[in-house]
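Quick look at input.json (JSON, C-alpha atoms):
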```
[["chain", "number", "residue", "atom", "x", "y", "z"],
["A", 21, "MET", "CA", 68.77, 115.35, 137.09],
["A", 22, "ALA", "CA", 69.10, 118.73, 135.37],
["A", 23, "ILE", "CA", 72.81, 118.84, 136.22],
["A", 24, "LEU", "CA", 73.32, 115.38, 134.73],
["A", 25, "LEU", "CA", 71.51, 116.40, 131.54],
["A", 26, "VAL", "CA", 73.63, 119.53, 131.20],
["A", 27, "ALA", "CA", 76.83, 117.51, 131.73],
["A", 28, "ALA", "CA", 75.75, 114.94, 129.14],
["A", 29, "GLY", "CA", 74.90, 117.67, 126.67],
["A", 30, "THR", "CA", 78.24, 119.34, 127.25],
["A", 31, "THR", "CA", 80.08, 116.05, 126.63],
["A", 32, "VAL", "CA", 78.17, 115.39, 123.41],
["A", 33, "GLY", "CA", 78.81, 118.94, 122.23],
["A", 34, "TRP", "CA", 82.52, 118.70, 122.96],
["A", 35, "ARG", "CA", 82.81, 115.39, 121.10],
["A", 36, "TRP", "CA", 81.01, 116.84, 118.09],
["A", 37, "TRP", "CA", 83.29, 119.87, 118.04],
["A", 38, "HIS", "CA", 86.44, 117.81, 118.70],
["A", 39, "ASN", "CA", 85.73, 115.40, 115.83],
["A", 40, "ARG", "CA", 84.41, 117.98, 113.38],
["A", 41, "PRO", "CA", 86.81, 118.24, 110.42],
["A", 42, "PRO", "CA", 88.12, 121.73, 109.66],
["A", 43, "TYR", "CA", 87.56, 120.96, 105.96],
["A", 44, "GLY", "CA", 86.25, 118.09, 103.89],
["A", 45, "ALA", "CA", 88.12, 115.78, 101.55],
["A", 46, "LYS", "CA", 86.84, 117.61, 98.47],
["A", 47, "ALA", "CA", 88.54, 120.83, 99.59],
["A", 48, "LEU", "CA", 91.96, 119.27, 98.95],
["A", 49, "GLY", "CA", 91.30, 117.96, 95.46],
["A", 50, "ALA", "CA", 93.73, 115.14, 96.25],
["A", 51, "THR", "CA", 94.99, 112.83, 93.50],
["A", 52, "ALA", "CA", 97.23, 109.76, 93.44],
["A", 53, "THR", "CA", 99.34, 107.95, 90.87],
["A", 54, "LEU", "CA", 101.10, 104.60, 91.12],
["A", 55, "ARG", "CA", 103.25, 102.71, 88.63],
["A", 56, "LEU", "CA", 105.77, 99.93, 88.35],
["A", 57, "VAL", "CA", 109.29, 101.25, 87.64],
["A", 58, "ASP", "CA", 112.91, 100.13, 87.51],
["A", 59, "GLN", "CA", 115.56, 100.95, 90.09],
["A", 60, "ALA", "CA", 117.03, 103.89, 88.18],
["A", 61, "THR", "CA", 113.64, 105.56, 87.84],
["A", 62, "ALA", "CA", 112.91, 105.07, 91.53],
["A", 63, "ASP", "CA", 116.29, 106.46, 92.57],
["A", 64, "THR", "CA", 115.84, 109.55, 90.39],
["A", 65, "ALA", "CA", 112.32, 110.22, 91.67],
["A", 66, "MET", "CA", 113.39, 109.95, 95.33],
["A", 67, "SER", "CA", 116.67, 111.91, 95.13],
["A", 68, "PRO", "CA", 118.22, 113.03, 97.43],
["A", 69, "VAL", "CA", 116.44, 110.43, 99.61],
["A", 70, "ASN", "CA", 117.57, 106.85, 99.06],
["A", 71, "ALA", "CA", 114.97, 104.49, 97.65],
["A", 72, "GLU", "CA", 114.86, 100.90, 98.84],
["A", 73, "HIS", "CA", 116.99, 98.58, 96.68],
["A", 74, "ALA", "CA", 115.21, 95.81, 94.78],
["A", 75, "ASP", "CA", 116.59, 92.33, 94.13],
["A", 76, "ASP", "CA", 115.60, 89.75, 91.54],
["A", 77, "GLY", "CA", 111.93, 88.92, 91.81],
["A", 78, "ASP", "CA", 111.08, 92.15, 93.62],
["A", 79, "GLN", "CA", 108.71, 94.83, 92.29],
["A", 80, "ILE", "CA", 109.26, 98.56, 92.66],
["A", 81, "PHE", "CA", 106.17, 100.78, 92.92],
["A", 82, "LEU", "CA", 106.57, 104.53, 92.53],
["A", 83, "GLY", "CA", 103.68, 106.66, 93.76],
["A", 84, "ARG", "CA", 102.70, 110.28, 94.20],
["A", 85, "VAL", "CA", 99.91, 111.87, 96.23],
["A", 86, "ALA", "CA", 99.20, 115.56, 95.72],
["A", 87, "TRP", "CA", 96.65, 118.06, 96.98],
["A", 88, "VAL", "CA", 95.99, 121.79, 97.15],
["A", 89, "ARG", "CA", 96.01, 123.56, 100.51],
["A", 90, "PRO", "CA", 92.49, 124.75, 101.33],
["A", 91, "PRO", "CA", 92.30, 128.51, 101.93],
["A", 92, "SER", "CA", 91.96, 129.93, 105.43],
["A", 93, "ILE", "CA", 92.76, 126.82, 107.45],
["A", 94, "LYS", "CA", 94.93, 126.21, 110.47],
["A", 95, "ASP", "CA", 97.70, 123.67, 109.98],
["A", 96, "ASP", "CA", 96.93, 121.72, 113.15],
["A", 97, "GLY", "CA", 96.33, 118.25, 111.74],
["A", 98, "SER", "CA", 98.15, 115.64, 109.74],
["A", 99, "PHE", "CA", 97.63, 112.94, 107.13],
["A", 100, "ARG", "CA", 98.28, 109.24, 106.67],
["A", 101, "VAL", "CA", 98.78, 107.88, 103.17],
["A", 102, "VAL", "CA", 97.94, 104.19, 103.05],
["A", 103, "ILE", "CA", 98.94, 101.65, 100.41],
["A", 104, "LEU", "CA", 96.93, 98.45, 100.88],
["A", 105, "ASP", "CA", 96.95, 95.20, 98.89],
["A", 106, "LYS", "CA", 93.24, 94.55, 98.39],
["A", 107, "ARG", "CA", 93.83, 90.81, 97.87],
["A", 108, "THR", "CA", 95.50, 90.11, 101.20],
["A", 109, "ARG", "CA", 94.49, 93.25, 103.18],
["A", 110, "ARG", "CA", 98.16, 93.90, 103.98],
["A", 111, "MET", "CA", 100.34, 97.00, 103.70],
["A", 112, "PRO", "CA", 103.97, 97.18, 102.51],
["A", 113, "GLY", "CA", 106.59, 96.51, 105.13],
["A", 114, "PHE", "CA", 108.74, 99.50, 104.22],
["A", 115, "ILE", "CA", 108.18, 102.77, 102.34],
["A", 116, "SER", "CA", 110.70, 105.42, 101.24],
["A", 117, "VAL", "CA", 109.07, 108.86, 101.13],
["A", 118, "THR", "CA", 109.97, 112.45, 100.33],
["A", 119, "SER", "CA", 108.30, 115.78, 99.59],
["A", 120, "PRO", "CA", 109.23, 119.46, 99.09],
["A", 121, "ARG", "CA", 109.24, 119.52, 102.91],
["A", 122, "PRO", "CA", 111.12, 116.29, 103.68],
["A", 123, "ASP", "CA", 111.11, 116.88, 107.43],
["A", 124, "ASP", "CA", 107.30, 116.71, 107.38],
["A", 125, "VAL", "CA", 107.02, 113.17, 105.97],
["A", 126, "GLY", "CA", 107.95, 109.75, 107.29],
["A", 127, "ALA", "CA", 106.70, 106.17, 107.51],
["A", 128, "GLY", "CA", 105.35, 104.03, 110.31],
["A", 129, "SER", "CA", 102.05, 103.34, 112.06],
["A", 130, "ASP", "CA", 99.96, 104.70, 114.91],
["A", 131, "GLY", "CA", 96.55, 104.48, 116.55],
["A", 132, "ALA", "CA", 94.90, 106.60, 113.85],
["A", 133, "LEU", "CA", 95.10, 103.61, 111.51],
["A", 134, "ASP", "CA", 93.13, 101.49, 113.99],
["A", 135, "ILE", "CA", 90.43, 104.16, 114.22],
["A", 136, "ALA", "CA", 90.20, 104.51, 110.43],
["A", 137, "GLU", "CA", 90.03, 100.74, 109.94],
["A", 138, "LYS", "CA", 87.07, 100.46, 112.33],
["A", 139, "ARG", "CA", 85.21, 103.32, 110.64],
["A", 140, "TYR", "CA", 85.86, 102.39, 107.00],
["A", 141, "PRO", "CA", 85.42, 98.71, 106.03],
["A", 142, "TRP", "CA", 87.38, 99.21, 102.81],
["A", 143, "LEU", "CA", 90.46, 99.97, 104.94],
["A", 144, "GLN", "CA", 90.35, 96.60, 106.68],
["A", 145, "GLY", "CA", 93.93, 95.44, 107.25],
["A", 146, "ILE", "CA", 95.66, 98.74, 108.06],
["A", 147, "GLY", "CA", 95.30, 98.48, 111.82],
["A", 148, "THR", "CA", 96.92, 96.45, 114.58],
["A", 149, "ARG", "CA", 96.52, 92.67, 114.35],
["A", 150, "HIS", "CA", 95.70, 90.41, 117.29],
["A", 151, "ILE", "CA", 97.77, 87.24, 116.87],
["A", 152, "ASN", "CA", 98.44, 84.59, 119.49],
["A", 153, "GLY", "CA", 97.32, 86.86, 122.31],
["A", 154, "LEU", "CA", 99.55, 89.79, 121.28],
["A", 155, "PHE", "CA", 99.08, 92.91, 119.17],
["A", 156, "TRP", "CA", 101.27, 93.34, 116.08],
["A", 157, "THR", "CA", 101.83, 95.98, 113.41],
["A", 158, "ALA", "CA", 103.86, 94.77, 110.44],
["A", 159, "GLY", "CA", 102.94, 97.19, 107.65],
["A", 160, "ALA", "CA", 103.91, 100.83, 107.20],
["A", 161, "ALA", "CA", 101.90, 103.89, 106.18],
["A", 162, "ILE", "CA", 103.13, 107.36, 105.26],
["A", 163, "THR", "CA", 102.80, 110.08, 107.89],
["A", 164, "VAL", "CA", 102.50, 113.69, 106.71],
["A", 165, "SER", "CA", 102.68, 116.28, 109.47],
["A", 166, "SER", "CA", 101.84, 119.37, 107.40],
["A", 167, "VAL", "CA", 99.22, 120.23, 104.80],
["A", 168, "ASP", "CA", 102.00, 122.13, 103.00],
["A", 169, "ALA", "CA", 104.05, 118.95, 102.31],
["A", 170, "SER", "CA", 102.31, 118.19, 99.01],
["A", 171, "PRO", "CA", 103.21, 116.51, 96.72],
["A", 172, "VAL", "CA", 104.33, 113.37, 98.54],
["A", 173, "THR", "CA", 106.47, 110.96, 96.50],
["A", 174, "PHE", "CA", 107.06, 107.42, 97.68],
["A", 175, "VAL", "CA", 108.64, 104.13, 96.68],
["A", 176, "THR", "CA", 107.81, 100.73, 98.07],
["A", 177, "VAL", "CA", 109.41, 97.46, 97.08],
["A", 178, "LEU", "CA", 107.33, 94.29, 97.28],
["A", 179, "HIS", "CA", 109.27, 91.07, 97.81],
["A", 180, "PRO", "CA", 108.05, 87.58, 96.91],
["A", 181, "ALA", "CA", 106.21, 85.81, 99.72],
["A", 182, "SER", "CA", 108.18, 83.41, 101.90],
["A", 183, "PRO", "CA", 106.44, 80.39, 103.44],
["A", 184, "ASP", "CA", 108.63, 80.79, 106.52],
["A", 185, "THR", "CA", 107.28, 84.26, 107.40],
["A", 186, "PRO", "CA", 105.46, 84.16, 110.76],
["A", 187, "PRO", "CA", 101.88, 85.51, 110.66],
["A", 188, "GLU", "CA", 102.74, 88.56, 112.79],
["A", 189, "HIS", "CA", 105.28, 89.70, 110.16],
["A", 190, "LEU", "CA", 103.15, 89.26, 107.04],
["A", 191, "VAL", "CA", 103.11, 92.27, 104.68],
["A", 192, "ALA", "CA", 102.12, 92.93, 101.06],
["A", 193, "THR", "CA", 104.15, 90.79, 98.67],
["A", 194, "ALA", "CA", 105.03, 90.40, 94.99],
["A", 195, "PRO", "CA", 103.81, 89.71, 92.41],
["A", 196, "ALA", "CA", 101.17, 92.43, 92.37],
["A", 197, "ALA", "CA", 99.56, 94.61, 89.73],
["A", 198, "VAL", "CA", 99.06, 98.34, 90.20],
["A", 199, "SER", "CA", 95.31, 97.70, 90.27],
["A", 200, "ASP", "CA", 95.77, 95.44, 93.32],
["A", 201, "LEU", "CA", 97.03, 98.30, 95.48],
["A", 202, "LEU", "CA", 94.59, 100.74, 97.02],
["A", 203, "VAL", "CA", 95.88, 104.22, 97.87],
["A", 204, "ALA", "CA", 94.02, 106.27, 100.47],
["A", 205, "LEU", "CA", 94.43, 109.58, 102.27],
["A", 206, "ILE", "CA", 93.39, 109.88, 105.92],
["A", 207, "ASN", "CA", 92.97, 113.25, 107.65],
["A", 208, "VAL", "CA", 93.95, 113.10, 111.33],
["A", 209, "GLY", "CA", 93.41, 115.78, 113.96],
["A", 210, "PRO", "CA", 95.94, 117.09, 116.48],
["A", 211, "ASP", "CA", 94.73, 114.65, 119.15],
["A", 212, "GLY", "CA", 94.78, 111.61, 116.87],
["A", 213, "GLN", "CA", 91.09, 111.82, 115.96],
["A", 214, "VAL", "CA", 90.28, 110.67, 112.42],
["A", 215, "TYR", "CA", 88.32, 113.30, 110.52],
["A", 216, "TRP", "CA", 87.85, 111.42, 107.25],
["A", 217, "ALA", "CA", 89.41, 108.95, 104.81],
["A", 218, "GLN", "CA", 89.33, 109.24, 101.04],
["A", 219, "ARG", "CA", 90.01, 106.47, 98.54],
["A", 220, "LEU", "CA", 92.25, 108.02, 95.88],
["A", 221, "LEU", "CA", 93.20, 105.04, 93.71],
["A", 222, "ASN", "CA", 91.87, 101.54, 93.08]]
```

Kindly return the structure encoded in the file as structure tokens.
Amino acid sequence: MAILLVAAGTTVGWRWWHNRPPYGAKALGATATLRLVDQATADTAMSPVNAEHADDGDQIFLGRVAWVRPPSIKDDGSFRVVILDKRTRRMPGFISVTSPRPDDVGAGSDGALDIAEKRYPWLQGIGTRHINGLFWTAGAAITVSSVDASPVTFVTVLHPASPDTPPEHLVATAPAAVSDLLVALINVGPDGQVYWAQRLLN
């Protein structure tokens, strides 16, 4: 019995240590901006990276997330920047992203989004969807692999909804107002554990 109690205590202690954030959200002082722009403004902001091209009826959103590196930390984690339409609980299908360290940013999805969605109700919609017996991920989030990659600049183009889009491919669509789009920062550990999520805008 004593051996079992020691083993259980060791497991609990390891989990606490493993999921303990190296710093809190306030240490970063993160901020976010988001605005509707035209194609020329988007192209200039993203240069030398190519921004997605918008057609008639599309909307171009230009955003920026910035933070300050906390002192005396190890750079062994990463971030996800999420843009979520609060009306439909869907993310954009594609995001162009750059930073002063362009090799440290990209777009896609991973299991950290599922963990964050379960922990934070206001992030409902960012994780994998279960549709017709299969699991689907249609939306994209920004992945930042270094705390030194700030500021992160991104462009996403929302297209008008199509009634022919299958449910597994549904993403955020136009028309949308800036106030409809939530921007959040998620801190993820080296093993994919979610330390915290912070709502930066809307």

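Minimum distance to Leu201 of chain A across A:Asp76, A:Asp168, A:Asp105, A:Asp184 (counting only C-alpha atoms) occurs at A:Asp105.
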
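Considering all atoms listed in the file, the residue among A:Thr176, A:Thr157, A:Gln213, A:Gln144 positioned nearest to Leu82 of chain A is A:Thr176.
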
Given only C-alpha atoms as the basis, pick out the residue of A:Pro187, A:Ala192, A:Trp216, A:Ala197 nearest to Leu56 of chain A. A:Ala197

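Taking atom CA of Asp58 of chain A and atom CA of Leu178 of chain A as the two end points, the separation is 12.7 Å.
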
Pick from A:Val102, A:Ala194, A:Leu221, A:Ile146, whichever lies nearest to Ala50 of chain A using only C-alpha atoms: A:Leu221

Considering only C-alpha atoms, return as an MDAnalysis selection string whatever protein or nucleic-acid residues lie within 9 Å of Ala45 of chain A, sequence-local ones (same chain, fewer than 4 positions apart) excluded. chainID A and resid 49:50 205 207 216:218

Can you write out the residues you just picked, keeping C-alpha atoms, as a PDB file, keeping the file's coordinate frame?
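Resulting contents of out_17.pdb:
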```pdb
ATOM      1  CA  GLY A  49      91.300 117.960  95.460  1.00  0.00           C
ATOM      2  CA  ALA A  50      93.730 115.140  96.250  1.00  0.00           C
ATOM      3  CA  LEU A 205      94.430 109.580 102.270  1.00  0.00           C
ATOM      4  CA  ASN A 207      92.970 113.250 107.650  1.00  0.00           C
ATOM      5  CA  TRP A 216      87.850 111.420 107.250  1.00  0.00           C
ATOM      6  CA  ALA A 217      89.410 108.950 104.810  1.00  0.00           C
ATOM      7  CA  GLN A 218      89.330 109.240 101.040  1.00  0.00           C
TER       8      GLN A 218
END
```

What does the distance between atom CA of Val198 of chain A and atom CA of Arg55 of chain A come to in Å, to one decimal place? 6.3 Å

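The two atoms in question, atom CA of Phe81 of chain A and atom CA of Pro183 of chain A, are spaced 22.9 Å apart.
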
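If you measure from each of A:Leu202, A:Ile103, A:Val175, A:Ile135 to Ala74 of chain A using all atoms listed in the file, the closest one turns out to be A:Val175.
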
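Proximity ranking of A:Tyr43, A:Trp156, A:Phe174, A:Trp87 relative to Phe114 of chain A places A:Phe174 first, based on all atoms listed in the file.
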
Identify the residues around (105.8, 117.5, 93.4) within a radius of 9 Å, measuring from all atoms listed in the file in the coordinates stated by the file, and give them as a CSV table (one decimal) with C-alpha atoms, in the coordinates of the input.
```csv
chain,number,residue,atom,x,y,z
A,84,ARG,CA,102.7,110.3,94.2
A,85,VAL,CA,99.9,111.9,96.2
A,86,ALA,CA,99.2,115.6,95.7
A,119,SER,CA,108.3,115.8,99.6
A,120,PRO,CA,109.2,119.5,99.1
A,170,SER,CA,102.3,118.2,99.0
A,171,PRO,CA,103.2,116.5,96.7
A,172,VAL,CA,104.3,113.4,98.5
A,173,THR,CA,106.5,111.0,96.5
```

Surrounding residues of Arg219 of chain A excluding itself and chain neighbours under 3 positions, 9 Å, all atoms listed in the file, as a CSV table (one decimal) with C-alpha atoms, keeping the file's coordinate frame:
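Contents of the output file around.csv:
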```csv
chain,number,residue,atom,x,y,z
A,142,TRP,CA,87.4,99.2,102.8
A,202,LEU,CA,94.6,100.7,97.0
A,203,VAL,CA,95.9,104.2,97.9
A,204,ALA,CA,94.0,106.3,100.5
A,205,LEU,CA,94.4,109.6,102.3
A,206,ILE,CA,93.4,109.9,105.9
A,222,ASN,CA,91.9,101.5,93.1
```

Taking (110.0, 97.0, 102.5) in the coordinates of the supplied file, I want to know which residues reach to within 12 Å of it, counting all atoms listed in the file; could you give the answer as a ChimeraX atom specification? /A:71-75,78-81,111-117,127-128,158-161,174-180,189-194

Build an axis-aligned box that encloses every atom of segment 120-126 of chain A listed in the file, pad it by 5 Å on each side, and report its centre and edge lengths in Å to one decimal, as JSON.
```
{"center_x": 109.1, "center_y": 114.6, "center_z": 103.3, "size_x": 14.1, "size_y": 19.8, "size_z": 18.3}
```

Considering only C-alpha atoms, return as a list in words whatever protein or nucleic-acid residues lie within 10 Å of Lys94 of chain A, sequence-local ones (same chain, fewer than 4 positions apart) excluded. Pro42, Pro90 and Val167 of chain A

For the residues in the current selection, export C-alpha atoms as a CSV table (one decimal), keeping the file's coordinate frame.
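Final file, result-v8.csv:
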```csv
chain,number,residue,atom,x,y,z
A,42,PRO,CA,88.1,121.7,109.7
A,90,PRO,CA,92.5,124.8,101.3
A,167,VAL,CA,99.2,120.2,104.8
```
